[in-house]
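Enquirer: If it helps, the file is called data-v8.json and holds JSON, C-alpha atoms:
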[["chain", "number", "residue", "atom", "x", "y", "z"],
["A", 1, "MET", "CA", -17.96, 29.41, 23.44],
["A", 2, "VAL", "CA", -15.02, 29.02, 21.12],
["A", 3, "GLY", "CA", -15.96, 28.26, 17.52],
["A", 4, "ARG", "CA", -14.85, 25.09, 15.83],
["A", 5, "ALA", "CA", -12.68, 26.66, 13.15],
["A", 6, "PRO", "CA", -10.19, 28.32, 15.56],
["A", 7, "ILE", "CA", -9.81, 25.06, 17.46],
["A", 8, "VAL", "CA", -8.98, 23.24, 14.25],
["A", 9, "ALA", "CA", -6.44, 25.91, 13.37],
["A", 10, "GLU", "CA", -4.80, 25.69, 16.79],
["A", 11, "LEU", "CA", -4.31, 21.98, 16.31],
["A", 12, "ASN", "CA", -2.16, 22.52, 13.23],
["A", 13, "ARG", "CA", -4.65, 20.85, 10.99],
["A", 14, "GLU", "CA", -3.63, 22.58, 7.81],
["A", 15, "VAL", "CA", -3.71, 20.32, 4.80],
["A", 16, "GLY", "CA", -0.15, 19.19, 4.17],
["A", 17, "ALA", "CA", 0.86, 19.01, 7.84],
["A", 18, "ALA", "CA", 2.84, 15.81, 8.35],
["A", 19, "THR", "CA", 4.58, 13.64, 10.86],
["A", 20, "ASP", "CA", 8.30, 13.07, 10.71],
["A", 21, "LEU", "CA", 9.57, 10.25, 8.55],
["A", 22, "PHE", "CA", 9.57, 6.85, 10.27],
["A", 23, "SER", "CA", 10.89, 3.42, 9.33],
["A", 24, "ARG", "CA", 10.11, -0.05, 10.57],
["A", 25, "THR", "CA", 11.16, -3.51, 9.53],
["A", 26, "ILE", "CA", 8.33, -6.01, 9.10],
["A", 27, "GLU", "CA", 9.13, -8.78, 11.55],
["A", 28, "ARG", "CA", 8.15, -12.38, 10.95],
["A", 29, "VAL", "CA", 6.96, -12.64, 14.55],
["A", 30, "LYS", "CA", 4.41, -9.85, 14.03],
["A", 31, "LEU", "CA", 3.02, -11.66, 10.98],
["A", 32, "ILE", "CA", 2.64, -14.81, 13.07],
["A", 33, "GLU", "CA", 0.90, -12.88, 15.86],
["A", 34, "TYR", "CA", -1.43, -11.31, 13.30],
["A", 35, "LYS", "CA", -2.19, -14.67, 11.69],
["A", 36, "GLN", "CA", -3.00, -16.15, 15.11],
["A", 37, "ALA", "CA", -5.10, -13.19, 16.20],
["A", 38, "LEU", "CA", -7.24, -13.21, 13.08],
["A", 39, "LYS", "CA", -7.14, -16.97, 12.52],
["A", 40, "LEU", "CA", -5.86, -16.48, 8.97],
["A", 41, "HIS", "CA", -5.44, -19.61, 6.88],
["A", 42, "ASN", "CA", -3.35, -18.60, 3.86],
["A", 43, "PRO", "CA", 0.08, -20.25, 4.44],
["A", 44, "ILE", "CA", 1.99, -17.65, 2.42],
["A", 45, "HIS", "CA", 1.75, -15.41, 5.50],
["A", 46, "PHE", "CA", 3.57, -17.82, 7.83],
["A", 47, "ASP", "CA", 5.20, -20.56, 5.71],
["A", 48, "ALA", "CA", 8.19, -19.27, 3.74],
["A", 49, "ALA", "CA", 8.20, -22.31, 1.43],
["A", 50, "ALA", "CA", 4.57, -21.69, 0.48],
["A", 51, "ALA", "CA", 5.33, -18.03, -0.17],
["A", 52, "ARG", "CA", 8.38, -18.85, -2.29],
["A", 53, "ALA", "CA", 6.37, -21.35, -4.31],
["A", 54, "LEU", "CA", 4.25, -18.40, -5.45],
["A", 55, "GLY", "CA", 7.32, -16.34, -6.27],
["A", 56, "TYR", "CA", 7.55, -14.21, -3.13],
["A", 57, "ARG", "CA", 10.89, -13.55, -1.44],
["A", 58, "ASP", "CA", 9.59, -14.54, 1.98],
["A", 59, "VAL", "CA", 6.33, -14.71, 3.92],
["A", 60, "VAL", "CA", 3.98, -11.97, 2.76],
["A", 61, "ALA", "CA", 2.23, -9.35, 4.86],
["A", 62, "PRO", "CA", -1.53, -10.03, 4.65],
["A", 63, "LEU", "CA", -3.81, -7.46, 3.05],
["A", 64, "GLY", "CA", -4.68, -4.99, 5.78],
["A", 65, "PHE", "CA", -1.69, -5.75, 7.97],
["A", 66, "VAL", "CA", 0.20, -2.58, 7.08],
["A", 67, "ILE", "CA", -1.67, 0.57, 8.05],
["A", 68, "SER", "CA", -0.26, 3.94, 9.02],
["A", 69, "PHE", "CA", 0.13, 2.90, 12.68],
["A", 70, "THR", "CA", 2.27, -0.06, 11.61],
["A", 71, "VAL", "CA", 5.14, 2.35, 10.96],
["A", 72, "ILE", "CA", 4.09, 5.74, 12.35],
["A", 73, "PRO", "CA", 4.01, 5.53, 16.16],
["A", 74, "ARG", "CA", 0.45, 5.95, 17.37],
["A", 75, "GLU", "CA", 1.33, 8.66, 19.89],
["A", 76, "VAL", "CA", 3.18, 10.62, 17.21],
["A", 77, "LYS", "CA", 0.18, 10.65, 14.89],
["A", 78, "LEU", "CA", -2.21, 11.56, 17.70],
["A", 79, "SER", "CA", -0.03, 14.38, 19.03],
["A", 80, "THR", "CA", 1.01, 15.75, 15.63],
["A", 81, "PHE", "CA", -2.58, 16.27, 14.55],
["A", 82, "GLY", "CA", -4.09, 16.90, 17.99],
["A", 83, "ILE", "CA", -6.42, 13.92, 17.84],
["A", 84, "ASP", "CA", -8.43, 13.23, 20.98],
["A", 85, "GLU", "CA", -8.36, 9.44, 21.03],
["A", 86, "LYS", "CA", -11.31, 9.15, 23.41],
["A", 87, "ARG", "CA", -13.58, 10.93, 20.91],
["A", 88, "SER", "CA", -12.20, 9.24, 17.82],
["A", 89, "LEU", "CA", -13.43, 6.43, 15.62],
["A", 90, "ALA", "CA", -11.88, 4.94, 12.52],
["A", 91, "GLY", "CA", -13.96, 5.98, 9.53],
["A", 92, "GLY", "CA", -12.32, 3.92, 6.85],
["A", 93, "MET", "CA", -9.15, 3.00, 5.02],
["A", 94, "ALA", "CA", -8.03, 2.65, 1.42],
["A", 95, "PHE", "CA", -5.03, 0.81, 0.02],
["A", 96, "GLU", "CA", -3.16, 1.04, -3.26],
["A", 97, "THR", "CA", -0.86, -1.97, -3.42],
["A", 98, "LEU", "CA", 2.19, -1.38, -5.59],
["A", 99, "GLN", "CA", 4.63, -4.10, -4.52],
["A", 100, "PRO", "CA", 4.43, -7.11, -2.22],
["A", 101, "ILE", "CA", 5.57, -6.49, 1.36],
["A", 102, "CYS", "CA", 7.48, -9.41, 2.86],
["A", 103, "ALA", "CA", 9.05, -10.21, 6.21],
["A", 104, "GLY", "CA", 12.37, -8.43, 6.48],
["A", 105, "ASP", "CA", 11.30, -5.46, 4.36],
["A", 106, "THR", "CA", 11.91, -2.06, 5.91],
["A", 107, "LEU", "CA", 9.10, 0.38, 5.22],
["A", 108, "THR", "CA", 9.52, 4.14, 5.41],
["A", 109, "GLY", "CA", 6.83, 6.76, 5.33],
["A", 110, "ARG", "CA", 5.24, 9.82, 6.88],
["A", 111, "CYS", "CA", 1.59, 10.49, 7.57],
["A", 112, "VAL", "CA", 0.23, 13.59, 5.82],
["A", 113, "LEU", "CA", -3.04, 15.37, 6.57],
["A", 114, "LYS", "CA", -4.95, 15.57, 3.29],
["A", 115, "GLY", "CA", -8.15, 17.11, 4.57],
["A", 116, "ALA", "CA", -9.96, 18.33, 7.70],
["A", 117, "ARG", "CA", -13.56, 19.40, 7.81],
["A", 118, "HIS", "CA", -16.25, 19.80, 10.38],
["A", 119, "LYS", "CA", -19.63, 18.21, 9.88],
["A", 120, "ASP", "CA", -22.65, 19.59, 11.71],
["A", 121, "GLY", "CA", -25.88, 17.76, 12.37],
["A", 122, "LYS", "CA", -27.25, 15.30, 14.85],
["A", 123, "ARG", "CA", -23.79, 13.86, 15.44],
["A", 124, "PRO", "CA", -21.32, 16.67, 14.79],
["A", 125, "MET", "CA", -17.82, 15.55, 14.05],
["A", 126, "THR", "CA", -14.51, 16.55, 12.56],
["A", 127, "ILE", "CA", -13.43, 14.36, 9.67],
["A", 128, "LEU", "CA", -9.69, 14.03, 9.19],
["A", 129, "ARG", "CA", -8.25, 12.42, 6.06],
["A", 130, "PHE", "CA", -4.67, 11.15, 6.04],
["A", 131, "GLU", "CA", -2.33, 9.59, 3.52],
["A", 132, "THR", "CA", 0.84, 7.59, 4.13],
["A", 133, "ARG", "CA", 3.05, 6.57, 1.21],
["A", 134, "PHE", "CA", 5.41, 3.72, 2.01],
["A", 135, "THR", "CA", 8.65, 2.84, 0.28],
["A", 136, "ASN", "CA", 10.78, -0.22, 0.96],
["A", 137, "GLN", "CA", 14.51, -0.60, 1.63],
["A", 138, "LEU", "CA", 15.16, -0.29, -2.12],
["A", 139, "GLU", "CA", 13.26, 3.02, -2.10],
["A", 140, "GLU", "CA", 10.56, 1.44, -4.24],
["A", 141, "PRO", "CA", 6.98, 2.64, -3.62],
["A", 142, "VAL", "CA", 5.12, -0.33, -2.16],
["A", 143, "LEU", "CA", 1.87, 0.89, -0.63],
["A", 144, "VAL", "CA", -0.30, 3.96, -0.29],
["A", 145, "VAL", "CA", -2.62, 3.96, 2.72],
["A", 146, "SER", "CA", -5.38, 6.53, 3.05],
["A", 147, "ASP", "CA", -7.37, 6.61, 6.27],
["A", 148, "THR", "CA", -10.13, 8.65, 7.82],
["A", 149, "THR", "CA", -10.51, 9.50, 11.48],
["A", 150, "LEU", "CA", -13.84, 10.72, 12.85],
["A", 151, "GLU", "CA", -13.51, 12.94, 15.91],
["A", 152, "MET", "CA", -16.93, 13.02, 17.49],
["A", 153, "GLY", "CA", -18.64, 15.91, 19.25],
["A", 154, "SER", "CA", -17.35, 19.40, 19.95],
["B", 1, "LEU", "CA", -8.74, -14.96, -9.80],
["B", 2, "ARG", "CA", -11.98, -16.77, -9.03],
["B", 3, "ASN", "CA", -14.89, -16.33, -11.38],
["B", 4, "THR", "CA", -17.17, -15.64, -8.45],
["B", 5, "PRO", "CA", -16.59, -14.28, -4.95],
["B", 6, "PRO", "CA", -15.83, -16.80, -2.21],
["B", 7, "PRO", "CA", -18.91, -18.22, -0.46],
["B", 8, "THR", "CA", -20.54, -16.17, 2.25],
["B", 9, "ARG", "CA", -18.27, -16.32, 5.27],
["B", 10, "GLU", "CA", -19.27, -16.40, 8.92],
["B", 11, "CYS", "CA", -16.36, -14.94, 10.88],
["B", 12, "PRO", "CA", -15.77, -16.22, 14.43],
["B", 13, "ILE", "CA", -17.76, -14.72, 17.27],
["B", 14, "ILE", "CA", -15.54, -11.94, 18.57],
["B", 15, "THR", "CA", -14.28, -12.48, 22.10],
["B", 16, "ARG", "CA", -12.35, -10.12, 24.34],
["B", 17, "VAL", "CA", -9.41, -12.48, 23.99],
["B", 18, "ASP", "CA", -9.56, -11.98, 20.21],
["B", 19, "ILE", "CA", -9.57, -8.23, 20.76],
["B", 20, "ALA", "CA", -6.55, -8.42, 23.05],
["B", 21, "TRP", "CA", -4.65, -10.53, 20.54],
["B", 22, "VAL", "CA", -5.39, -8.14, 17.70],
["B", 23, "CYS", "CA", -4.24, -5.20, 19.83],
["B", 24, "VAL", "CA", -0.97, -7.02, 20.52],
["B", 25, "ALA", "CA", -0.47, -8.07, 16.92],
["B", 26, "THR", "CA", -1.08, -4.57, 15.60],
["B", 27, "ASP", "CA", 0.64, -2.71, 18.45],
["B", 28, "ASP", "CA", -2.63, -0.92, 19.21],
["B", 29, "PRO", "CA", -2.90, -0.19, 22.94],
["B", 30, "SER", "CA", -5.92, 2.11, 22.64],
["B", 31, "PRO", "CA", -8.00, 1.82, 25.82],
["B", 32, "LEU", "CA", -11.12, 2.15, 23.64],
["B", 33, "HIS", "CA", -10.50, -1.50, 22.73],
["B", 34, "LEU", "CA", -9.38, -2.76, 26.13],
["B", 35, "ASP", "CA", -10.83, -0.74, 29.00],
["B", 36, "ASP", "CA", -14.60, -0.78, 29.56],
["B", 37, "ALA", "CA", -14.50, 2.14, 32.00],
["B", 38, "TYR", "CA", -12.63, 4.28, 29.47],
["B", 39, "ALA", "CA", -15.04, 3.24, 26.71],
["B", 40, "HIS", "CA", -18.01, 4.16, 28.94],
["B", 41, "GLU", "CA", -16.50, 7.59, 29.58],
["B", 42, "ALA", "CA", -16.25, 8.00, 25.81],
["B", 43, "GLY", "CA", -19.97, 7.24, 25.52],
["B", 44, "HIS", "CA", -19.79, 3.65, 24.31],
["B", 45, "PRO", "CA", -21.65, 0.70, 25.87],
["B", 46, "SER", "CA", -18.43, -1.34, 26.03],
["B", 47, "VAL", "CA", -15.02, -1.54, 24.44],
["B", 48, "ILE", "CA", -15.06, -1.26, 20.63],
["B", 49, "VAL", "CA", -13.75, -4.05, 18.45],
["B", 50, "PRO", "CA", -10.68, -2.69, 16.62],
["B", 51, "GLY", "CA", -11.31, -1.89, 12.98],
["B", 52, "THR", "CA", -8.15, -3.82, 12.21],
["B", 53, "LEU", "CA", -10.00, -7.06, 12.99],
["B", 54, "LEU", "CA", -12.61, -6.46, 10.30],
["B", 55, "LEU", "CA", -9.88, -5.09, 8.04],
["B", 56, "GLY", "CA", -7.92, -8.34, 8.34],
["B", 57, "TRP", "CA", -10.93, -10.57, 7.77],
["B", 58, "VAL", "CA", -11.99, -8.63, 4.70],
["B", 59, "GLY", "CA", -8.37, -8.72, 3.50],
["B", 60, "GLN", "CA", -8.36, -12.50, 3.81],
["B", 61, "PHE", "CA", -11.67, -12.72, 1.96],
["B", 62, "LEU", "CA", -10.20, -10.63, -0.87],
["B", 63, "GLU", "CA", -7.07, -12.81, -0.97],
["B", 64, "ASP", "CA", -9.24, -15.91, -1.33],
["B", 65, "TRP", "CA", -11.15, -14.18, -4.11],
["B", 66, "ALA", "CA", -7.96, -13.03, -5.87],
["B", 67, "GLY", "CA", -6.13, -16.35, -5.47],
["B", 68, "ASP", "CA", -2.98, -14.35, -4.74],
["B", 69, "PRO", "CA", -2.79, -11.15, -2.70],
["B", 70, "GLY", "CA", -0.63, -9.66, -5.45],
["B", 71, "ASN", "CA", -3.70, -9.64, -7.68],
["B", 72, "VAL", "CA", -5.42, -7.07, -5.49],
["B", 73, "GLU", "CA", -4.59, -3.73, -7.03],
["B", 74, "SER", "CA", -6.51, -1.49, -4.67],
["B", 75, "TRP", "CA", -9.23, -1.75, -2.07],
["B", 76, "ASP", "CA", -10.94, 0.31, 0.55],
["B", 77, "ILE", "CA", -13.25, -0.22, 3.46],
["B", 78, "ARG", "CA", -15.69, 2.06, 5.22],
["B", 79, "PHE", "CA", -16.44, 1.29, 8.86],
["B", 80, "GLN", "CA", -20.15, 1.94, 8.95],
["B", 81, "SER", "CA", -20.90, 1.14, 12.57],
["B", 82, "PRO", "CA", -18.91, 0.04, 15.63],
["B", 83, "ILE", "CA", -18.67, -3.69, 16.35],
["B", 84, "TRP", "CA", -19.01, -4.89, 19.94],
["B", 85, "PRO", "CA", -17.55, -7.92, 21.75],
["B", 86, "GLY", "CA", -19.74, -11.00, 21.33],
["B", 87, "GLU", "CA", -20.93, -10.04, 17.86],
["B", 88, "GLN", "CA", -20.40, -12.15, 14.76],
["B", 89, "VAL", "CA", -19.73, -10.72, 11.33],
["B", 90, "THR", "CA", -20.79, -12.19, 8.00],
["B", 91, "LEU", "CA", -18.96, -11.29, 4.79],
["B", 92, "VAL", "CA", -20.73, -11.39, 1.43],
["B", 93, "GLY", "CA", -18.95, -10.63, -1.83],
["B", 94, "GLU", "CA", -20.42, -9.48, -5.10],
["B", 95, "LEU", "CA", -18.77, -9.23, -8.50],
["B", 96, "LEU", "CA", -19.66, -5.92, -10.12],
["B", 97, "GLU", "CA", -17.55, -5.75, -13.27],
["B", 98, "GLY", "CA", -15.16, -8.01, -15.13],
["B", 99, "ALA", "CA", -14.76, -11.75, -15.38],
["B", 100, "ASN", "CA", -12.49, -14.59, -14.44],
["B", 101, "GLY", "CA", -8.85, -13.78, -15.20],
["B", 102, "ALA", "CA", -9.62, -10.30, -16.46],
["B", 103, "ASP", "CA", -7.79, -7.24, -15.29],
["B", 104, "ASP", "CA", -9.78, -4.43, -13.74],
["B", 105, "THR", "CA", -12.33, -6.76, -12.20],
["B", 106, "VAL", "CA", -14.31, -4.89, -9.56],
["B", 107, "GLY", "CA", -16.24, -6.20, -6.59],
["B", 108, "VAL", "CA", -17.67, -5.30, -3.22],
["B", 109, "VAL", "CA", -17.74, -7.03, 0.15],
["B", 110, "ARG", "CA", -20.49, -6.28, 2.64],
["B", 111, "ALA", "CA", -19.97, -6.98, 6.33],
["B", 112, "THR", "CA", -23.03, -7.33, 8.54],
["B", 113, "THR", "CA", -23.69, -8.55, 12.05],
["B", 114, "ARG", "CA", -26.13, -11.36, 12.77],
["B", 115, "ASP", "CA", -28.89, -8.86, 13.53],
["B", 116, "GLY", "CA", -28.43, -7.39, 10.05],
["B", 117, "ARG", "CA", -26.54, -4.25, 11.04],
["B", 118, "GLU", "CA", -24.16, -3.11, 8.30],
["B", 119, "VAL", "CA", -20.71, -2.63, 9.83],
["B", 120, "GLY", "CA", -18.44, -2.47, 6.81],
["B", 121, "LEU", "CA", -18.45, -1.95, 3.07],
["B", 122, "ALA", "CA", -15.36, -2.72, 1.01],
["B", 123, "ASN", "CA", -14.63, -2.04, -2.64],
["B", 124, "VAL", "CA", -11.88, -3.90, -4.49],
["B", 125, "ARG", "CA", -10.19, -3.75, -7.87],
["B", 126, "PHE", "CA", -8.33, -6.86, -9.00],
["B", 127, "CYS", "CA", -5.61, -7.11, -11.62],
["B", 128, "ALA", "CA", -5.08, -10.77, -12.40],
["B", 129, "SER", "CA", -2.02, -10.25, -14.56],
["B", 130, "ARG", "CA", 0.04, -8.76, -11.73],
["B", 131, "SER", "CA", 1.12, -12.13, -10.34],
["B", 132, "GLU", "CA", 1.84, -13.71, -13.74],
["B", 133, "GLY", "CA", 5.36, -12.39, -14.12],
["B", 134, "ARG", "CA", 6.50, -13.17, -10.62],
["B", 135, "VAL", "CA", 9.28, -15.75, -10.58],
["B", 136, "ALA", "CA", 10.24, -17.79, -7.54],
["B", 137, "PRO", "CA", 13.61, -16.67, -6.16]]
I need this file expressed as structure tokens, please.

Expert:
Amino acid sequence: MVGRAPIVAELNREVGAATDLFSRTIERVKLIEYKQALKLHNPIHFDAAAARALGYRDVVAPLGFVISFTVIPREVKLSTFGIDEKRSLAGGMAFETLQPICAGDTLTGRCVLKGARHKDGKRPMTILRFETRFTNQLEEPVLVVSDTTLEMGS
Amino acid sequence: LRNTPPPTRECPIITRVDIAWVCVATDDPSPLHLDDAYAHEAGHPSVIVPGTLLLGWVGQFLEDWAGDPGNVESWDIRFQSPIWPGEQVTLVGELLEGANGADDTVGVVRATTRDGREVGLANVRFCASRSEGRVAP
């Protein structure tokens, strides 16, 4: 049986490994879809006049809308870090909000592996910690997203 | 910034249509959320509700608490247990430190299902002064 550590090494899971840099413009239509899907009620996410009344440039991305997969293509993140999607669960996320993100903003970032460790026990798993730092079209830092993926089993 | 957390919130019962919509809205085509057969192969009793659904609901709860999303300085959430279609989540907030209008106010939000299972725990730090200087364009 192959030990866990060599498998992790083969999957290029060194701390600091990263995806390429990706950019994506936050589209108004995606904010509307998100609002409808989650039945959100705050008008600043879909009514530009309401957003401007609070001093925003345009409709605002809701808290939790921008995660790493919003900009980094899912298949890129999975393949870069060798994540087996079938065995994976989201462990958690953390957000440091630095600037508002509005419709029309173009976000740029790369996903970096910050930690990988194996946990033994009743439910063995590999815990992968990632960080994605986003800047906007003015190259201003706007958001830091940290997320944890749990890869279950051996 | 409200002096107290918003009232306890009963989120809608989660349907498979809700799940499909969230997957579309977040560009998340993972079969773990959409394909029962795939989810069974992965050892789950059914498809798993995307974490982004709970993330969005907790985000909205925090916005209501903050009065303005710009007043939320940082927050995190731990997904403690999978959520399944047909379940209903309740959100309960608790102020831990700080007071109305004060910077560095800290709180938590606990997400549980109707049978009392803890499915999410969020921590938040507010900074009420962040939205004060914003001027309408």

Enquirer: Would you give me, as a tab-separated table, each residue of stretch 40-95 of chain B having an atom within 12 Å of an atom of stretch 22-27 of chain B, along with its shortest atom pair and that distance in Å to one decimal, using all atoms listed in the file and sorting by chain and residue number?

Expert:
residue	atom	partner	partner_atom	distance
B:Ile48	CA	B:Cys23	CA	11.5
B:Val49	CA	B:Val22	CA	9.3
B:Pro50	CA	B:Cys23	CA	7.6
B:Gly51	CA	B:Val22	CA	9.8
B:Thr52	CA	B:Val22	CA	7.5
B:Leu53	CA	B:Val22	CA	6.7
B:Leu54	CA	B:Val22	CA	10.5
B:Leu55	CA	B:Val22	CA	11.1
B:Gly56	CA	B:Val22	CA	9.7
B:Trp57	CA	B:Val22	CA	11.6

Enquirer: Should the cut-off be 7 Å, what would the residue list for chain A against chain B look like, counting only C-alpha atoms, as a PyMOL selection string?

Expert: chain A and resi 30+33-34+37-38+40+52-57+63-65+70+86-87+90-97+100

Enquirer: Can you pull out the residues contacting B:Ser46? Cut-off 8 Å, using all atoms listed in the file, and skip same-chain residues under 3 positions away; I want them as JSON, numbers by chain.

Expert: {"B": [36, 37, 39, 40, 84, 85]}

Enquirer: Would you save the residues of that selection, restricted to C-alpha atoms, as a tab-separated table (two decimals), in the coordinates of the input?

Expert:
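Full text of result_30.tsv as output:
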chain	number	residue	atom	x	y	z
B	36	ASP	CA	-14.60	-0.78	29.56
B	37	ALA	CA	-14.50	2.14	32.00
B	39	ALA	CA	-15.04	3.24	26.71
B	40	HIS	CA	-18.01	4.16	28.94
B	84	TRP	CA	-19.01	-4.89	19.94
B	85	PRO	CA	-17.55	-7.92	21.75

Enquirer: Calculate how many Å separate atom CA of A:Arg24 from atom CA of B:Leu34, rounding to one decimal.

Expert: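 Here the two named atoms are 25.1 Å from each other.
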
Enquirer: Record the distance separating atom CA of A:Asp105 and atom CA of A:Gln137, expressed in Å with one decimal.

Expert: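 That distance, rounded to one decimal, is 6.4 Å.
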
Enquirer: Report the distance between atom CA of B:Thr105 and atom CA of A:Ala61 in Å, rounded to one decimal place.

Expert: 22.6 Å

Enquirer: From the list A:Pro73, A:Met125, A:Leu107, A:Ala116, which residue is nearest A:Glu139 when using all atoms listed in the file?

Expert: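 Between A:Pro73, A:Met125, A:Leu107, A:Ala116, the residue approaching A:Glu139 most closely is A:Leu107.
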
Enquirer: Of the residues A:Val15, A:Ala48, A:Leu21, A:Leu150, which is the one nearest to A:Gly104, using only C-alpha atoms?

Expert: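 Closest residue, counting only C-alpha atoms: A:Ala48.
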